[in-house]
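Visitor: There's a structure below that I have some questions on.
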Amino acid sequence: MTAVLRPTAEQQYAAELAAVAAQDDRQRPPNWNLSPQAVVTYVLGGTLPDGTVITPKYVGARRLVEVAVGTLVTDRALLLVGVPGTAKSWLSEHLAAAISGDSTLVVQGTAGTSEDQVRYGWNYARLIAEGPSERALVPSPVLKAMQQGSVVRVEELTRMPSEVQDSFITILSEKSLPVPELSTQVQAVSGFTVIATANDRDRGVNQMSSALARRFNTVVLPPPATEDAEVEIVVTRAQQLGKALQLPAEPPALDEVRRVVRIFRELRNGSTVDGRTQLKKPSGSLSTAEAISVIANGMALAGHFGDGTLGADELASGLIGSIIKDRVSDATVWQEYLETVLKERAEWRDLYRACLDVSGD
């Protein structure tokens, strides 16, 4: 059987979801597969009464996850907001998997997202042959979720045109979707809810109307609070990626991951970890997700073109590619960091030389 490159959350963690459900004796809201407390356990990880270990899917404040799950129990939709790489989509997928057992009902927000993708479309061959009918109607993921009483995910809500965003107002306030062509409306089944994500950096691209914003409870997902927390996330996800991609490299050494994370955090914050040196910030976000990509890329290089051990030579190209987005301003920022920070750390001289080699300096 052909291996799936990227299993859904409910596929990848099917055993854990089953184990949590088997131990879950608390009240479950209508059409929820787990109780709210069990959803939080699945997301944050822990040890069940029977000794089964549940791996953490999200590393962050417990209260944030509890507020998110508590919102979904009510009649309000949930909006996860944060800078790029704060695991908004990752968390929304696992919440949908835990609550509904299906994280695949998704509307992807882009400048080209149309109202049909939020409401419904038509099979035009049937529409011409039969006229408007239920058989000719093509339900959107939102409409399917309303009919099933499940979670629908809306990715990058603020990237949608404003008029498309406002298609959600009636759905979220009335819990119904009019279908005037059939002189009817679809009423949402208990359990229906919406989890949307929005990028902090996209504010003002297509600003949400106040009417729509009122329909959401907003939870802001911050970047990892500490270096150790971010290192833990990067190590865990890099190991998962290495396994999924069958990379012939050893799991990344903690020291190498910490170097990447520290570089990203220092440039992101505009100062060194000790606060002694102020730094210019690059144009990119330098998110945790990008740090994971740097490590995964390094593992691929080490496994296929090296000795299987991730080191400075494998990290250098990925670092430069992530940091230098603007060839003029970011190159200056990176060069200054190399000479004032990296060069002065004796234990990082190998990485300093590797970065110079890649840059051609």
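Within each chain, counting starts at residue 1; across the structure tokens, chains are named A, B, ... in the order shown, with ligands numbered 1 upward in that order.
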Compile a residue-level contact table for range 49-132 of chain A against range 10-14 of chain A at a cut-off of 10 Å, reporting for every qualifying residue the shortest atom pair and its distance in Å to one decimal, with only C-alpha atoms counted, rows ordered by chain and ascending number, as a Markdown table.

Guide:
| residue | atom | partner | partner_atom | distance |
| --- | --- | --- | --- | --- |
| A:Ile54 | CA | A:Tyr13 | CA | 9.4 |
| A:Thr55 | CA | A:Tyr13 | CA | 9.3 |
| A:Lys57 | CA | A:Tyr13 | CA | 9.9 |
| A:Glu93 | CA | A:Glu10 | CA | 8.9 |
| A:His94 | CA | A:Glu10 | CA | 7.8 |
| A:Ala96 | CA | A:Glu10 | CA | 8.9 |
| A:Ala97 | CA | A:Glu10 | CA | 5.3 |
| A:Ala98 | CA | A:Glu10 | CA | 7.6 |
| A:Ser100 | CA | A:Glu10 | CA | 9.4 |
| A:Gly101 | CA | A:Glu10 | CA | 6.1 |
| A:Asp102 | CA | A:Glu10 | CA | 6.6 |
| A:Ser103 | CA | A:Glu10 | CA | 7.2 |
| A:Thr104 | CA | A:Glu10 | CA | 9.5 |

Visitor: Can you tell me, as a ChimeraX atom specification, what residues are no more than 12 Å from Pro36 in chain A when counting only C-alpha atoms, ignoring any on the same chain fewer than 4 positions away?

Guide: /A:20-21,24-30,32,40-43,65-74,95,98-100

Visitor: Could you write those residues out with C-alpha atoms, as a short mmCIF file (atom, residue, chain, number, x, y, z; two decimals), in the first residue's frame?

Guide:
data_model
loop_
_atom_site.label_atom_id
_atom_site.label_comp_id
_atom_site.auth_asym_id
_atom_site.auth_seq_id
_atom_site.Cartn_x
_atom_site.Cartn_y
_atom_site.Cartn_z
CA VAL A 20 -8.72 8.80 25.10
CA ALA A 21 -12.30 7.97 24.06
CA ASP A 24 -13.48 9.30 28.72
CA ASP A 25 -16.42 9.01 31.14
CA ARG A 26 -17.39 12.69 31.23
CA GLN A 27 -20.36 14.30 29.53
CA ARG A 28 -19.93 14.91 25.81
CA PRO A 29 -21.71 17.74 24.01
CA PRO A 30 -24.04 16.69 21.16
CA TRP A 32 -18.77 15.37 20.03
CA VAL A 40 -7.75 19.14 26.11
CA THR A 41 -5.93 15.98 27.24
CA TYR A 42 -5.57 14.83 23.63
CA VAL A 43 -4.22 18.22 22.51
CA VAL A 65 -6.55 25.52 24.95
CA GLU A 66 -9.27 25.33 27.60
CA VAL A 67 -10.67 28.68 26.46
CA ALA A 68 -10.61 27.51 22.83
CA VAL A 69 -12.43 24.27 23.64
CA GLY A 70 -14.84 26.08 25.96
CA THR A 71 -15.73 28.43 23.10
CA LEU A 72 -16.58 25.51 20.83
CA VAL A 73 -19.01 24.15 23.43
CA THR A 74 -21.02 27.37 23.13
CA LEU A 95 -9.33 20.22 17.67
CA ALA A 98 -10.75 15.27 18.51
CA ILE A 99 -14.23 16.77 18.41
CA SER A 100 -15.63 15.46 15.13
#

Visitor: Can you pull out every residue within 12 Å of Glu347 in chain A, counting only C-alpha atoms, but drop anything in the same chain fewer than 4 positions away, and send it as a ChimeraX atom specification?

Guide: /A:255-256,259,312,341-343,351-353

Visitor: Could you pull out the alpha helix (DSSP H) residues of range 70-234 of chain A from DSSP and send them as a PyMOL selection string?

Guide: chain A and resi 70-73+88-100+115-118+124-130+141-148+162-165+168-174+210-213+227-234

Visitor: Near Pro224 in chain A, within 10 Å and counting only C-alpha atoms, which residues show up once chain neighbours fewer than 4 positions away are dropped, as a VMD selection string?

Guide: chain A and resid 59 to 61 85 to 86 228 to 233 265 287 to 288

Visitor: Output all heavy atoms for every residue in the selection just made, as an mmCIF file, in the first residue's frame.

Guide:
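Resulting contents of out-v6.cif:
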data_model
loop_
_atom_site.group_PDB
_atom_site.id
_atom_site.type_symbol
_atom_site.label_atom_id
_atom_site.label_comp_id
_atom_site.auth_asym_id
_atom_site.auth_seq_id
_atom_site.Cartn_x
_atom_site.Cartn_y
_atom_site.Cartn_z
ATOM 1 N N VAL A 59 2.234 22.763 22.231
ATOM 2 C CA VAL A 59 2.997 23.139 23.416
ATOM 3 C C VAL A 59 2.691 24.601 23.715
ATOM 4 O O VAL A 59 3.069 25.497 22.951
ATOM 5 C CB VAL A 59 4.511 22.941 23.195
ATOM 6 C CG1 VAL A 59 5.289 23.393 24.423
ATOM 7 C CG2 VAL A 59 4.811 21.482 22.884
ATOM 8 N N GLY A 60 1.976 24.821 24.798
ATOM 9 C CA GLY A 60 1.590 26.186 25.151
ATOM 10 C C GLY A 60 0.777 26.185 26.422
ATOM 11 O O GLY A 60 0.650 25.164 27.110
ATOM 12 N N ALA A 61 0.216 27.337 26.760
ATOM 13 C CA ALA A 61 -0.536 27.488 28.002
ATOM 14 C C ALA A 61 -1.809 26.647 27.975
ATOM 15 O O ALA A 61 -2.582 26.705 27.011
ATOM 16 C CB ALA A 61 -0.879 28.957 28.225
ATOM 17 N N GLY A 85 3.527 30.729 12.053
ATOM 18 C CA GLY A 85 4.289 29.692 12.731
ATOM 19 C C GLY A 85 3.920 29.451 14.174
ATOM 20 O O GLY A 85 4.650 28.767 14.894
ATOM 21 N N THR A 86 2.766 29.965 14.635
ATOM 22 C CA THR A 86 2.362 29.742 16.023
ATOM 23 C C THR A 86 1.391 28.569 16.151
ATOM 24 O O THR A 86 0.693 28.437 17.156
ATOM 25 C CB THR A 86 1.732 31.006 16.624
ATOM 26 O OG1 THR A 86 0.777 31.554 15.705
ATOM 27 C CG2 THR A 86 2.793 32.059 16.910
ATOM 28 N N ASP A 228 13.571 26.935 25.570
ATOM 29 C CA ASP A 228 13.423 25.494 25.797
ATOM 30 C C ASP A 228 12.129 24.965 25.195
ATOM 31 O O ASP A 228 12.112 23.874 24.604
ATOM 32 C CB ASP A 228 13.460 25.181 27.300
ATOM 33 C CG ASP A 228 14.853 25.329 27.891
ATOM 34 O OD1 ASP A 228 15.830 25.322 27.114
ATOM 35 O OD2 ASP A 228 14.960 25.451 29.123
ATOM 36 N N ALA A 229 11.039 25.730 25.344
ATOM 37 C CA ALA A 229 9.759 25.302 24.787
ATOM 38 C C ALA A 229 9.826 25.227 23.267
ATOM 39 O O ALA A 229 9.317 24.282 22.648
ATOM 40 C CB ALA A 229 8.651 26.260 25.221
ATOM 41 N N GLU A 230 10.471 26.209 22.652
ATOM 42 C CA GLU A 230 10.581 26.212 21.196
ATOM 43 C C GLU A 230 11.478 25.079 20.714
ATOM 44 O O GLU A 230 11.192 24.435 19.698
ATOM 45 C CB GLU A 230 11.107 27.564 20.705
ATOM 46 C CG GLU A 230 11.004 27.746 19.210
ATOM 47 C CD GLU A 230 11.098 29.187 18.764
ATOM 48 O OE1 GLU A 230 11.306 30.080 19.621
ATOM 49 O OE2 GLU A 230 10.956 29.443 17.544
ATOM 50 N N VAL A 231 12.557 24.810 21.437
ATOM 51 C CA VAL A 231 13.436 23.694 21.084
ATOM 52 C C VAL A 231 12.667 22.378 21.136
ATOM 53 O O VAL A 231 12.787 21.527 20.244
ATOM 54 C CB VAL A 231 14.659 23.645 22.031
ATOM 55 C CG1 VAL A 231 15.413 22.324 21.863
ATOM 56 C CG2 VAL A 231 15.592 24.815 21.755
ATOM 57 N N GLU A 232 11.845 22.222 22.158
ATOM 58 C CA GLU A 232 11.046 20.994 22.296
ATOM 59 C C GLU A 232 10.122 20.805 21.101
ATOM 60 O O GLU A 232 9.997 19.703 20.554
ATOM 61 C CB GLU A 232 10.235 21.047 23.593
ATOM 62 C CG GLU A 232 9.363 19.826 23.814
ATOM 63 C CD GLU A 232 8.461 19.952 25.036
ATOM 64 O OE1 GLU A 232 8.665 20.905 25.831
ATOM 65 O OE2 GLU A 232 7.550 19.119 25.190
ATOM 66 N N ILE A 233 9.477 21.898 20.678
ATOM 67 C CA ILE A 233 8.567 21.817 19.537
ATOM 68 C C ILE A 233 9.325 21.433 18.272
ATOM 69 O O ILE A 233 8.909 20.554 17.512
ATOM 70 C CB ILE A 233 7.843 23.171 19.336
ATOM 71 C CG1 ILE A 233 6.941 23.484 20.518
ATOM 72 C CG2 ILE A 233 7.046 23.163 18.034
ATOM 73 C CD1 ILE A 233 6.399 24.907 20.521
ATOM 74 N N ARG A 265 15.319 33.324 17.422
ATOM 75 C CA ARG A 265 14.739 34.123 18.503
ATOM 76 C C ARG A 265 15.459 35.459 18.657
ATOM 77 O O ARG A 265 14.824 36.496 18.896
ATOM 78 C CB ARG A 265 14.775 33.341 19.822
ATOM 79 C CG ARG A 265 13.807 32.173 19.872
ATOM 80 C CD ARG A 265 13.882 31.441 21.208
ATOM 81 N NE ARG A 265 13.289 32.209 22.280
ATOM 82 C CZ ARG A 265 11.999 32.188 22.617
ATOM 83 N NH1 ARG A 265 11.149 31.444 21.933
ATOM 84 N NH2 ARG A 265 11.555 32.899 23.632
ATOM 85 N N SER A 287 9.632 32.126 12.044
ATOM 86 C CA SER A 287 8.727 31.409 12.934
ATOM 87 C C SER A 287 9.290 30.052 13.341
ATOM 88 O O SER A 287 10.276 29.562 12.788
ATOM 89 C CB SER A 287 7.383 31.206 12.238
ATOM 90 O OG SER A 287 7.542 30.324 11.137
ATOM 91 N N THR A 288 8.618 29.446 14.300
ATOM 92 C CA THR A 288 8.975 28.092 14.725
ATOM 93 C C THR A 288 8.846 27.120 13.551
ATOM 94 O O THR A 288 9.662 26.198 13.406
ATOM 95 C CB THR A 288 8.067 27.648 15.882
ATOM 96 O OG1 THR A 288 8.120 28.620 16.927
ATOM 97 C CG2 THR A 288 8.509 26.304 16.435
#

Visitor: Go through A:Ser283, A:Gln23, A:Ser183, A:Asn269 one by one, measure the shortest atom-to-atom distance of each to Ser133 in chain A using only C-alpha atoms, and give the residue with the smallest value.

Guide: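 Nearest candidate to Ser133 in chain A out of A:Ser283, A:Gln23, A:Ser183, A:Asn269: A:Ser183.
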
Visitor: Do a neighbour search on Asp330 in chain A at 8 Å with only C-alpha atoms, toss out local chain neighbours closer than 5 positions, and write the hits as an MDAnalysis selection string.

Guide: chainID A and resid 282:283 323:325

Visitor: Taking only C-alpha atoms into account, which of A:Gly131, A:Gly82, A:Pro178, A:Gly275 comes nearest Thr197 in chain A?

Guide: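 With only C-alpha atoms as the atom set, the closest residue is A:Gly82.
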
Visitor: I need the residue nearest Leu241 in chain A from this list: A:Ile292, A:Leu105, A:Val164, A:Leu137. Use only C-alpha atoms for the distance.

Guide: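 Of all the options, A:Ile292 lies closest to Leu241 in chain A.
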